[in-house]
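*Asks:* See structure22.txt below, with compact mmCIF, C-alpha atoms and all ligand atoms.
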```txt
# COMPACT_ATOMS: atom_id res chain seq x y z
CA MET A 13 -76.83 169.91 102.36
CA ASP A 14 -77.05 166.96 100.02
CA ASP A 15 -76.80 167.70 96.35
CA PRO A 16 -80.24 166.66 94.95
CA MET A 17 -78.63 165.23 91.83
CA ARG A 18 -76.35 163.06 93.95
CA VAL A 19 -79.31 161.83 96.00
CA TYR A 20 -81.25 161.13 92.82
CA ARG A 21 -78.35 159.22 91.29
CA ALA A 22 -77.81 157.18 94.47
CA LYS A 23 -81.51 156.30 94.57
CA ARG A 24 -81.51 155.41 90.90
CA ASP A 25 -78.44 153.20 91.27
CA THR A 26 -79.86 151.17 94.14
CA ALA A 27 -83.36 150.96 92.65
CA HIS A 28 -84.45 147.65 91.20
CA ILE A 29 -83.39 146.95 87.69
CA ASN A 30 -86.24 144.94 86.24
CA VAL A 31 -85.13 142.19 83.91
CA THR A 32 -88.00 142.77 81.55
CA THR A 33 -87.61 146.53 81.41
CA LYS A 34 -84.01 146.10 80.34
CA TYR A 35 -84.27 143.00 78.15
CA ASP A 36 -86.73 141.58 75.63
CA ILE A 37 -87.11 137.85 76.13
CA VAL A 38 -86.74 136.24 72.70
CA GLY A 39 -87.54 132.70 73.86
CA PHE A 40 -86.75 129.78 76.10
CA ILE A 41 -83.51 127.85 75.49
CA SER A 42 -83.21 125.10 78.03
CA SER A 43 -83.88 123.96 81.52
CA GLY A 44 -80.87 122.93 83.60
CA THR A 45 -80.44 121.51 87.06
CA TYR A 46 -80.66 124.82 88.81
CA GLY A 47 -82.72 126.99 86.56
CA ARG A 48 -83.97 127.92 83.15
CA VAL A 49 -82.04 129.65 80.41
CA TYR A 50 -83.66 132.24 78.11
CA LYS A 51 -82.47 134.06 75.01
CA ALA A 52 -82.84 137.81 75.38
CA ASN A 53 -82.07 141.00 73.53
CA THR A 54 -81.22 144.36 75.05
CA LYS A 55 -84.35 146.50 74.68
CA ASN A 56 -84.22 148.83 71.71
CA VAL A 57 -80.79 147.61 70.63
CA LYS A 58 -80.56 145.50 67.52
CA ASP A 59 -78.85 142.13 67.83
CA GLU A 60 -77.41 142.52 71.29
CA LEU A 61 -78.10 139.00 72.48
CA TRP A 62 -77.81 137.48 75.95
CA ALA A 63 -78.51 134.20 77.65
CA ILE A 64 -80.33 134.85 80.91
CA LYS A 65 -80.19 132.08 83.47
CA LYS A 66 -83.00 132.31 85.98
CA PHE A 67 -82.28 130.33 89.10
CA LYS A 68 -85.19 128.48 90.58
CA PRO A 69 -86.36 130.29 93.70
CA ASP A 70 -86.20 128.44 96.97
CA LYS A 71 -89.50 126.86 97.84
CA GLU A 72 -91.00 125.90 101.12
CA GLY A 73 -93.74 123.51 100.08
CA ASP A 74 -95.64 125.29 97.34
CA VAL A 75 -94.84 128.71 98.70
CA VAL A 76 -91.99 130.65 97.17
CA THR A 77 -90.05 132.24 99.98
CA TYR A 78 -87.01 134.42 99.98
CA THR A 79 -84.72 132.21 102.02
CA GLY A 80 -81.51 133.55 100.57
CA ILE A 81 -79.35 132.59 97.65
CA SER A 82 -78.42 128.96 97.20
CA GLN A 83 -74.85 127.87 97.69
CA SER A 84 -74.65 126.78 94.07
CA ALA A 85 -75.89 130.13 92.76
CA ILE A 86 -73.47 132.01 94.98
CA ARG A 87 -70.58 129.91 93.78
CA GLU A 88 -71.47 130.30 90.12
CA ILE A 89 -71.95 134.05 90.51
CA ALA A 90 -68.87 134.57 92.62
CA LEU A 91 -66.58 132.63 90.29
CA ASN A 92 -68.00 134.24 87.18
CA ARG A 93 -67.58 137.75 88.56
CA GLU A 94 -63.87 137.22 89.04
CA ILE A 95 -62.96 135.83 85.66
CA PHE A 96 -62.63 137.24 82.19
CA HIS A 97 -61.22 135.38 79.23
CA VAL A 98 -62.09 135.10 75.57
CA ASN A 99 -62.71 131.35 75.88
CA VAL A 100 -64.89 131.48 78.99
CA VAL A 101 -68.51 132.67 78.84
CA ALA A 102 -68.66 136.21 80.20
CA LEU A 103 -71.16 137.20 82.84
CA ARG A 104 -72.57 140.66 82.11
CA GLU A 105 -74.57 141.25 85.25
CA VAL A 106 -76.64 139.65 87.96
CA ILE A 107 -80.11 140.89 88.79
CA LEU A 108 -81.98 140.01 91.93
CA GLU A 109 -85.66 140.54 91.43
CA ASP A 110 -88.84 139.15 92.86
CA LYS A 111 -87.21 136.30 94.78
CA SER A 112 -85.31 135.16 91.71
CA ILE A 113 -81.73 135.53 90.60
CA TYR A 114 -80.98 136.25 86.97
CA MET A 115 -77.49 135.82 85.56
CA VAL A 116 -77.04 137.59 82.25
CA PHE A 117 -74.38 135.91 80.09
CA GLU A 118 -73.06 136.68 76.65
CA TYR A 119 -75.06 134.62 74.18
CA ALA A 120 -73.52 131.67 72.35
CA GLU A 121 -75.30 130.39 69.25
CA HIS A 122 -73.86 126.86 69.32
CA ASP A 123 -72.30 124.27 71.58
CA PHE A 124 -70.10 121.21 71.05
CA LEU A 125 -73.00 118.78 71.50
CA GLN A 126 -74.97 120.52 68.80
CA VAL A 127 -71.93 120.45 66.44
CA ILE A 128 -71.52 116.71 67.11
CA HIS A 129 -75.22 116.12 66.32
CA HIS A 130 -75.00 118.27 63.22
CA TYR A 131 -72.09 116.25 61.81
CA SER A 132 -73.44 112.85 62.85
CA GLN A 133 -77.13 113.33 61.99
CA THR A 134 -77.31 115.97 59.26
CA LEU A 135 -74.00 116.05 57.41
CA ARG A 136 -73.20 112.39 58.18
CA THR A 137 -69.51 112.95 57.94
CA SER A 138 -66.70 113.40 60.42
CA ILE A 139 -65.69 116.82 61.73
CA PRO A 140 -62.89 118.15 59.49
CA ALA A 141 -59.41 118.26 61.06
CA ALA A 142 -59.19 122.08 61.05
CA LEU A 143 -62.48 122.45 62.93
CA LEU A 144 -61.65 119.59 65.32
CA LYS A 145 -58.31 121.14 66.13
CA SER A 146 -59.66 124.67 66.56
CA LEU A 147 -62.43 123.51 68.90
CA THR A 148 -59.99 121.53 71.05
CA TYR A 149 -57.36 124.27 71.06
CA GLN A 150 -59.76 126.98 72.20
CA LEU A 151 -61.26 124.66 74.80
CA LEU A 152 -57.79 124.03 76.22
CA ASN A 153 -57.03 127.74 76.09
CA GLY A 154 -60.09 128.52 78.23
CA LEU A 155 -59.23 125.66 80.55
CA LEU A 156 -55.65 126.88 80.98
CA TYR A 157 -57.04 130.25 82.07
CA LEU A 158 -59.39 128.63 84.61
CA HIS A 159 -56.60 126.41 85.94
CA ASN A 160 -54.26 129.40 86.20
CA CYS A 161 -56.98 131.02 88.30
CA HIS A 162 -57.01 127.86 90.45
CA ILE A 163 -60.48 126.97 89.25
CA LEU A 164 -61.45 123.37 88.50
CA HIS A 165 -64.43 123.19 86.15
CA ARG A 166 -65.35 119.60 87.08
CA ASP A 167 -68.19 119.25 84.60
CA LEU A 168 -66.67 119.64 81.16
CA LYS A 169 -68.86 117.94 78.59
CA PRO A 170 -69.98 118.87 75.07
CA ALA A 171 -73.23 120.54 76.24
CA ASN A 172 -71.30 122.92 78.50
CA ILE A 173 -68.82 124.06 75.88
CA LEU A 174 -70.37 126.81 73.82
CA ILE A 175 -69.43 128.49 70.53
CA THR A 176 -70.46 132.00 69.49
CA SER A 177 -71.75 132.87 66.03
CA LYS A 178 -68.28 134.32 65.38
CA GLY A 179 -66.75 130.90 65.98
CA VAL A 180 -65.23 131.52 69.40
CA VAL A 181 -65.31 128.68 71.94
CA LYS A 182 -66.63 129.63 75.39
CA ILE A 183 -66.49 127.33 78.40
CA GLY A 184 -69.80 127.64 80.22
CA ASP A 185 -71.63 126.39 83.29
CA LEU A 186 -69.34 127.01 86.23
CA GLY A 187 -72.08 125.73 88.52
CA LEU A 188 -69.89 122.85 89.67
CA ALA A 189 -66.57 124.67 89.55
CA ARG A 190 -64.39 124.88 92.65
CA ILE A 191 -61.35 126.76 93.78
CA THR A 192 -58.50 124.26 93.88
CA TYR A 193 -56.69 125.49 96.94
CA GLN A 194 -59.68 124.86 99.15
CA PRO A 195 -59.14 121.82 101.34
CA LEU A 196 -60.55 119.05 99.20
CA GLN A 197 -63.39 117.05 100.62
CA PRO A 198 -63.75 113.36 99.99
CA LEU A 199 -65.27 113.17 96.57
CA PHE A 200 -68.33 111.12 97.18
CA ALA A 201 -70.31 111.56 100.32
CA GLY A 202 -74.04 111.30 100.56
CA ASP A 203 -75.42 112.17 97.18
CA LYS A 204 -72.53 114.30 96.03
CA VAL A 205 -71.40 113.39 92.57
CA VAL A 206 -68.78 115.16 90.54
CA VAL A 207 -68.70 115.20 86.74
CA THR A 208 -71.14 113.50 84.40
CA ILE A 209 -70.01 109.89 84.44
CA TRP A 210 -68.94 109.51 80.78
CA TYR A 211 -66.31 112.24 81.31
CA ARG A 212 -65.29 111.16 84.80
CA ALA A 213 -61.57 110.56 85.35
CA PRO A 214 -60.33 107.12 86.48
CA GLU A 215 -59.00 108.44 89.79
CA LEU A 216 -62.54 109.52 90.66
CA LEU A 217 -63.94 106.15 89.57
CA MET A 218 -61.28 104.44 91.69
CA GLY A 219 -62.49 106.32 94.75
CA ALA A 220 -59.67 108.87 95.12
CA LYS A 221 -60.09 111.07 98.16
CA HIS A 222 -58.16 113.89 96.56
CA TYR A 223 -58.23 115.07 93.01
CA HIS A 224 -56.98 118.03 91.02
CA LYS A 225 -56.91 119.78 87.67
CA ALA A 226 -56.13 116.54 85.87
CA VAL A 227 -59.85 115.56 86.12
CA ASP A 228 -60.64 118.39 83.67
CA CYS A 229 -57.85 117.27 81.31
CA TRP A 230 -59.30 113.76 81.26
CA ALA A 231 -62.66 115.30 80.32
CA VAL A 232 -60.96 117.25 77.49
CA GLY A 233 -59.61 113.92 76.20
CA CYS A 234 -63.16 112.51 76.27
CA VAL A 235 -64.49 115.59 74.46
CA LEU A 236 -61.75 115.42 71.80
CA ALA A 237 -62.48 111.72 71.26
CA GLU A 238 -66.21 112.46 71.00
CA LEU A 239 -65.62 115.22 68.45
CA ALA A 240 -63.43 112.83 66.45
CA SER A 241 -65.83 109.87 66.52
CA LEU A 242 -69.17 111.73 66.97
CA ARG A 243 -70.11 109.55 69.94
CA PRO A 244 -69.03 109.39 73.57
CA ILE A 245 -65.89 107.26 73.83
CA PHE A 246 -66.66 105.84 77.29
CA LYS A 247 -70.43 105.56 77.39
CA GLY A 248 -70.91 103.66 80.63
CA ASP A 249 -74.06 103.11 82.66
CA GLU A 250 -73.95 104.86 85.97
CA ALA A 251 -74.44 102.69 89.07
CA LYS A 252 -76.81 104.48 91.40
CA LEU A 253 -76.47 105.01 95.14
CA ASP A 254 -78.21 102.33 97.16
CA SER A 255 -80.90 103.10 99.71
CA LYS A 256 -78.25 103.73 102.36
CA LYS A 257 -76.55 106.16 99.98
CA ASN A 258 -73.44 104.00 99.79
CA VAL A 259 -71.29 105.04 96.90
CA PRO A 260 -71.32 102.20 94.37
CA PHE A 261 -68.38 100.84 92.37
CA GLN A 262 -68.79 102.26 88.84
CA LYS A 263 -68.01 98.95 87.19
CA ASP A 264 -69.58 99.62 83.81
CA GLN A 265 -67.91 102.99 83.35
CA LEU A 266 -64.50 101.58 84.30
CA LEU A 267 -65.00 98.63 81.95
CA LYS A 268 -65.70 101.03 79.07
CA ILE A 269 -62.38 102.75 79.80
CA LEU A 270 -60.46 99.49 80.23
CA GLU A 271 -61.77 98.15 76.92
CA VAL A 272 -60.02 101.00 75.07
CA LEU A 273 -57.09 101.94 77.31
CA GLY A 274 -56.30 98.51 78.73
CA THR A 275 -56.00 97.41 82.34
CA PRO A 276 -53.88 99.89 84.31
CA GLU A 277 -50.72 98.50 85.83
CA GLU A 278 -48.63 99.61 88.76
CA ARG A 279 -45.93 100.94 86.41
CA ASP A 280 -48.51 103.16 84.61
CA TRP A 281 -50.01 104.36 87.84
CA PRO A 282 -47.89 104.02 90.99
CA GLY A 283 -50.17 103.97 93.98
CA ILE A 284 -53.05 102.28 92.16
CA ARG A 285 -52.92 99.38 94.61
CA SER A 286 -53.88 101.63 97.46
CA MET A 287 -56.90 103.11 95.67
CA PRO A 288 -60.20 102.27 97.42
CA GLU A 289 -61.65 100.44 94.40
CA TYR A 290 -58.48 98.56 93.44
CA ALA A 291 -59.76 95.18 94.68
CA ASN A 292 -62.88 95.59 92.54
CA VAL A 293 -60.83 96.44 89.45
CA LYS A 294 -58.59 93.40 90.02
CA ARG A 295 -61.68 91.21 89.74
CA LEU A 296 -62.43 92.46 86.22
CA ASP A 297 -61.03 90.81 83.08
CA THR A 298 -57.76 92.20 81.84
CA TYR A 299 -57.66 94.17 78.61
CA PRO A 300 -54.86 95.32 76.28
CA ASN A 301 -54.54 98.98 75.26
CA ARG A 302 -56.39 99.49 71.97
CA LEU A 303 -56.32 103.28 71.72
CA TYR A 304 -54.08 103.25 68.64
CA GLU A 305 -56.59 101.04 66.80
CA TRP A 306 -59.46 103.13 68.12
CA CYS A 307 -57.86 106.20 66.55
CA ARG A 308 -57.15 104.59 63.19
CA ASN A 309 -60.41 105.60 61.49
CA ARG A 310 -61.40 108.33 63.89
CA LEU A 311 -58.33 110.45 64.54
CA PRO A 312 -56.02 109.40 61.73
CA SER A 313 -53.00 111.44 62.69
CA ASN A 314 -50.09 110.16 64.71
CA SER A 315 -49.75 113.31 66.72
CA GLY A 316 -53.52 113.41 67.31
CA TYR A 317 -53.29 109.89 68.73
CA GLU A 318 -50.31 110.90 70.90
CA LEU A 319 -52.18 113.88 72.32
CA LEU A 320 -55.20 111.75 73.16
CA ASN A 321 -52.99 109.06 74.67
CA GLN A 322 -51.33 111.61 76.94
CA LEU A 323 -54.66 113.16 77.99
CA PHE A 324 -55.76 109.63 78.85
CA ALA A 325 -52.79 108.85 81.10
CA TYR A 326 -54.20 106.81 83.98
CA ASP A 327 -51.91 108.44 86.49
CA PRO A 328 -53.25 111.98 87.02
CA ASP A 329 -49.72 113.18 87.75
CA LYS A 330 -48.54 111.96 84.36
CA ARG A 331 -51.57 113.26 82.47
CA LEU A 332 -50.90 116.20 80.16
CA ASN A 333 -51.96 119.51 81.70
CA ALA A 334 -53.68 122.26 79.70
CA ARG A 335 -50.45 124.17 79.02
CA GLU A 336 -48.58 121.07 77.85
CA ALA A 337 -51.53 120.06 75.70
CA LEU A 338 -51.58 123.48 73.98
CA LEU A 339 -47.90 123.05 73.19
CA HIS A 340 -48.48 119.61 71.72
CA LYS A 341 -47.25 119.19 68.16
CA TRP A 342 -50.72 118.25 66.87
CA PHE A 343 -51.69 121.92 67.25
CA HIS A 344 -48.57 123.14 65.54
CA GLU A 345 -48.81 121.16 62.34
CA GLU A 346 -51.21 121.71 59.44
CA PRO A 347 -54.09 122.40 59.53
CA LEU A 348 -53.44 124.97 62.25
CA PRO A 349 -56.17 125.97 64.69
CA THR A 350 -57.95 129.22 63.84
CA MET A 351 -59.44 132.08 65.91
CA ASN A 352 -62.79 131.54 64.22
CA VAL A 353 -63.35 127.80 64.46
CA PHE A 354 -65.65 127.99 61.41
CA ASP A 355 -63.02 129.69 59.22
CA THR A 356 -62.82 126.71 56.92
CA THR A 357 -66.51 125.72 57.19
CA SER A 358 -68.71 126.59 54.22
CA ASP A 359 -72.03 128.34 54.94
CA ALA A 360 -73.90 125.21 53.92
CA GLN A 361 -72.06 123.19 56.55
CA LEU A 362 -72.45 125.59 59.46
CA PRO A 363 -74.42 124.15 62.37
CA PRO A 364 -77.94 125.56 62.69
CA ARG A 365 -78.79 128.31 65.16
CA ARG A 366 -79.72 127.30 68.68
CA ARG A 367 -83.36 126.26 68.83
CA ILE A 368 -85.56 128.29 71.11
CA SER A 369 -89.16 127.80 72.08
CA HIS A 370 -91.72 130.46 72.80
CA ASP A 371 -94.10 128.42 74.95
CA ASP A 372 -92.22 128.94 78.16
CA ALA A 373 -91.18 132.57 77.80
CA PRO A 374 -93.97 134.00 80.00
CA SER A 375 -92.72 132.13 83.07
CA MET A 376 -89.57 134.20 82.77
CA MET A 377 -91.46 137.33 83.68
CA PRO A 378 -91.22 138.32 87.29
CA ALA A 379 -94.39 139.51 89.00
CA GLN A 380 -95.38 142.99 87.85
CA ALA A 381 -94.68 144.71 91.11
CA THR A 382 -91.22 143.83 92.28
CA GLN A 383 -91.43 142.91 95.91
CA ALA A 384 -89.22 144.90 98.22
CA LEU A 385 -86.37 142.94 99.69
CA PRO A 386 -85.35 143.23 103.30
CA ALA A 387 -83.02 146.17 103.77
CA GLY A 388 -79.76 144.23 103.91
CA GLN A 389 -80.46 142.65 100.59
CA PHE A 390 -80.53 145.93 98.68
CA SER A 391 -76.82 146.35 99.12
CA GLN A 392 -76.30 142.74 98.10
CA GLN A 393 -78.28 143.41 94.96
CA ALA A 394 -76.31 146.53 94.13
CA HIS A 395 -73.13 144.57 94.73
CA LEU A 396 -74.19 141.75 92.46
CA GLN A 397 -75.15 144.12 89.70
CA SER A 398 -71.65 145.42 89.19
CA GLN A 399 -70.27 144.36 85.87
CA THR A 400 -67.75 141.58 85.59
CA HIS A 401 -64.38 142.63 84.37
CA GLY A 402 -60.80 142.21 85.37
CA SER A 403 -58.66 139.21 85.85
CA ALA A 404 -58.94 136.56 88.46
CA GLY A 405 -58.42 138.13 91.82
CA SER A 406 -58.67 136.87 95.30
CA PHE A 407 -61.12 134.06 95.83
CA ALA A 408 -60.75 133.96 99.57
CA SER A 409 -64.34 135.05 100.07
CA LEU A 410 -65.67 132.39 97.73
CA SER A 411 -64.48 129.33 99.49
CA GLY A 412 -67.79 128.07 100.84
CA GLY A 413 -67.71 124.31 100.90
CA GLY A 414 -71.17 123.59 99.57
CA HIS A 415 -72.48 120.55 97.86
CA PRO A 416 -71.68 119.93 94.25
CA ARG A 417 -74.80 119.41 92.23
CA LYS A 418 -75.80 115.98 91.21
CA LYS A 419 -75.60 115.99 87.45
CA GLY A 420 -77.58 113.91 85.04
CA ARG A 421 -76.16 112.14 82.05
CA LEU A 422 -76.41 113.53 78.58
CA ALA A 423 -79.74 112.74 77.08
N1 LIG A 501 -74.38 131.71 77.30
C1 LIG A 501 -75.25 130.89 76.73
N2 LIG A 501 -75.69 131.10 75.47
C2 LIG A 501 -76.57 130.27 74.90
N3 LIG A 501 -77.07 129.17 75.50
C3 LIG A 501 -76.68 128.90 76.74
C4 LIG A 501 -75.75 129.74 77.43
N4 LIG A 501 -75.55 129.22 78.65
C5 LIG A 501 -76.29 128.11 78.73
N5 LIG A 501 -76.98 127.90 77.59
C6 LIG A 501 -77.88 126.78 77.29
O1 LIG A 501 -78.62 126.44 78.44
C7 LIG A 501 -78.31 125.10 78.85
C8 LIG A 501 -78.31 125.01 80.38
O2 LIG A 501 -77.37 125.96 80.91
P1 LIG A 501 -76.44 125.62 82.13
O3 LIG A 501 -75.64 124.39 81.76
O4 LIG A 501 -75.67 126.83 82.50
O5 LIG A 501 -77.50 125.30 83.25
P2 LIG A 501 -77.47 124.16 84.34
O6 LIG A 501 -78.61 124.41 85.26
O7 LIG A 501 -76.12 124.08 84.97
O8 LIG A 501 -77.70 122.91 83.41
P3 LIG A 501 -77.10 121.44 83.46
O9 LIG A 501 -77.66 120.82 84.67
O10 LIG A 501 -77.66 120.83 82.18
O11 LIG A 501 -75.60 121.54 83.43
C9 LIG A 501 -76.96 124.79 78.21
O12 LIG A 501 -76.77 123.41 77.98
C10 LIG A 501 -77.07 125.56 76.90
O13 LIG A 501 -77.84 124.80 75.98
```
Can you dump the structure from the file as structure tokens?
Ligand SMILES: Nc1ncnc2c1ncn2[C@@H]1O[C@H](COP(=O)(O)OP(=O)(O)OP(=O)(O)O)[C@@H](O)[C@H]1O
*Replies:*
Amino acid sequence: MDDPMRVYRAKRDTAHINVTTKYDIVGFISSGTYGRVYKANTKNVKDELWAIKKFKPDKEGDVVTYTGISQSAIREIALNREIFHVNVVALREVILEDKSIYMVFEYAEHDFLQVIHHYSQTLRTSIPAALLKSLTYQLLNGLLYLHNCHILHRDLKPANILITSKGVVKIGDLGLARITYQPLQPLFAGDKVVVTIWYRAPELLMGAKHYHKAVDCWAVGCVLAELASLRPIFKGDEAKLDSKKNVPFQKDQLLKILEVLGTPEERDWPGIRSMPEYANVKRLDTYPNRLYEWCRNRLPSNSGYELLNQLFAYDPDKRLNAREALLHKWFHEEPLPTMNVFDTTSDAQLPPRRRISHDDAPSMMPAQATQALPAGQFSQQAHLQSQTHGSAGSFASLSGGGHPRKKGRLA
């Protein structure tokens, strides 16, 4: 006969965990492409903060229906469950409740965009070298881990790179991330767009059919340059798809790059002539490389310039990878990067806490009575609720070839 305690425990473990019975919603943080993010605290535990991302439920017309979990949500959940690193935002659990999916992440008080705004708008001074170096170092450290796990982030930008109140950098938003050993699809098809345009690597802008980890390293170069100058280095206007969804030539974005890095030549980038957009680039004016001048007042260190120059190699095969970048001498000369990026920041100069609003918090609440899911989905829920620990394992089951999300530009 079944042990009643065992039956009780089994029932308890597969019962619904209600988000709002486990967490107090402190407020609304932000609305992203695929959902809304809330700040939450574990019930009855002081200062145990979380960021809960609630995916938008699928809708058929105005009716919310349980049509399954979107490809994007599955990918973000699946990738996050397999990874664990100090510089990547940790997923605590996933809760499936009332036709919605909730991902519970460790909470990060700041992000790179907010630090950039704080220095440009409030302090009106450049980011000190020690902070700049620590932010970049930890970002590269997280990226090296992802790349070692064969994960491309594909959407690195200041808003997606978070910092905890203890000064630890955490790469977030793996919603666009992909496993690299999947057969790579052509980059642009229909309305698929990869990487916010200001951080988009030249091989993508030139129409490359295949791309790899180097696209993330280009984005790190853009982020480093933005931290150093407090504004996006290549702030191009995105050309939109035409009515037939033809992929346009991103002339303005490429011009912004050419103006600083000069016109790429065959010796910089063998194979450039066979790139789909080469003829279009040939028609543009030619520019000299001005990166050294660009750095003069913004990144006034020779080795800092060298690092940026190598992250901005046109040829993706020559571009510095995350490991090489971490070994770069800029990080090994004074001031050295620190574990707490704010080690050398006075209290008065610390960026403010993340702003939250209270207006939207009620829409977080699921309906009072949690609707029963079809039988098969209980096991899925129990599966998803397991905690995320351990190192990157096999991703074979994650290799669905869904559509990357179309991303908007930074506001
Ligand atoms: N762990 C976290 N701690 C604190 N805030 C977070 C956390 N994760 C996300 N946020 C905030 O919520 C915002 C949106 O989150 P996220 O980028 O994951 O959603 P998204 O739907 O992919 O959005 P987007 O389309 O803007 O990339 C972030 O820019 C950040 O401000």
*Asks:* Which residues of chain A come within 6 Å of ligand LIG 501 (chain A), and what is each one's closest atom pair and distance in Å (one decimal), counting only C-alpha atoms and all ligand atoms, sorted by chain and residue number, as JSON lines?
*Replies:*
```
{"residue": "A:Ile41", "atom": "CA", "partner": "A:LIG501", "partner_atom": "O1", "distance": 5.9}
{"residue": "A:Ser42", "atom": "CA", "partner": "A:LIG501", "partner_atom": "O1", "distance": 4.8}
{"residue": "A:Ser43", "atom": "CA", "partner": "A:LIG501", "partner_atom": "C8", "distance": 5.8}
{"residue": "A:Gly44", "atom": "CA", "partner": "A:LIG501", "partner_atom": "O6", "distance": 3.2}
{"residue": "A:Thr45", "atom": "CA", "partner": "A:LIG501", "partner_atom": "O9", "distance": 3.7}
{"residue": "A:Tyr46", "atom": "CA", "partner": "A:LIG501", "partner_atom": "O6", "distance": 4.1}
{"residue": "A:Gly47", "atom": "CA", "partner": "A:LIG501", "partner_atom": "O6", "distance": 5.0}
{"residue": "A:Val49", "atom": "CA", "partner": "A:LIG501", "partner_atom": "O1", "distance": 5.1}
{"residue": "A:Ala63", "atom": "CA", "partner": "A:LIG501", "partner_atom": "N2", "distance": 4.7}
{"residue": "A:Phe117", "atom": "CA", "partner": "A:LIG501", "partner_atom": "N1", "distance": 5.0}
{"residue": "A:Glu118", "atom": "CA", "partner": "A:LIG501", "partner_atom": "N1", "distance": 5.2}
{"residue": "A:Tyr119", "atom": "CA", "partner": "A:LIG501", "partner_atom": "N2", "distance": 3.8}
{"residue": "A:Ala120", "atom": "CA", "partner": "A:LIG501", "partner_atom": "N2", "distance": 3.8}
{"residue": "A:Glu121", "atom": "CA", "partner": "A:LIG501", "partner_atom": "C2", "distance": 5.8}
{"residue": "A:Ala171", "atom": "CA", "partner": "A:LIG501", "partner_atom": "O12", "distance": 4.9}
{"residue": "A:Asn172", "atom": "CA", "partner": "A:LIG501", "partner_atom": "O12", "distance": 5.5}
{"residue": "A:Asp185", "atom": "CA", "partner": "A:LIG501", "partner_atom": "O4", "distance": 4.1}
{"residue": "A:Gly187", "atom": "CA", "partner": "A:LIG501", "partner_atom": "O7", "distance": 5.6}
{"residue": "A:Lys419", "atom": "CA", "partner": "A:LIG501", "partner_atom": "O9", "distance": 5.9}
```
*Asks:* Report, in Å to a single decimal, how far apart CA of Ile368 (chain A) and CA of Val31 (chain A) are.
*Replies:* 18.9 Å
*Asks:* Work out how far apart CA of Asn309 (chain A) and CA of Ser138 (chain A) are and give it in Å to one decimal.
*Replies:*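 These atoms are spaced 10.1 Å apart.
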*Asks:* To one decimal place in Å, what is the distance between CA of Lys247 (chain A) and CA of Val180 (chain A)?
*Replies:*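 Computed distance, CA of Lys247 (chain A) to CA of Val180 (chain A), equals 27.7 Å.
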*Asks:* Identify which of the residues A:Met115, A:Leu332, A:Val106, A:Val100 lies closest to Val181 (chain A), counting all atoms listed in the file when measuring atom-to-atom distances.
*Replies:*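 Distance minimum relative to Val181 (chain A) lands on A:Val100.
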*Asks:* Select, from A:Trp281, A:Leu311, A:Ile89, A:Tyr149, the residue with the minimum atom-to-atom distance to Leu339 (chain A), counting all atoms listed in the file.
*Replies:*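 Among A:Trp281, A:Leu311, A:Ile89, A:Tyr149, it is A:Tyr149 that comes nearest to Leu339 (chain A).
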*Asks:* Restricting the calculation to all atoms listed in the file: of A:Leu135, A:Ala90, A:Ile113, A:Val293, which residue gets closest to Gln361 (chain A)?
*Replies:* A:Leu135
*Asks:* What are the centre and edge lengths in Å, to one decimal, of the axis-aligned box around all listed atoms of region 158-165 of chain A with 4 Å added on each side, as lines of an AutoDock Vina configuration file?
*Replies:*
```
center_x = -59.3
center_y = 127.1
center_z = 87.5
size_x = 18.2
size_y = 15.8
size_z = 13.8
```
*Asks:* Can you tell me which residues surround Gln262 (chain A) at a distance of at most 12 Å, considering all atoms listed in the file, apart from same-chain residues fewer than 3 positions away, and format the answer as a VMD selection string?
*Replies:* chain A and resid 209 to 210 212 to 219 248 to 253 259 265 to 269 289 to 290 292 to 293 296
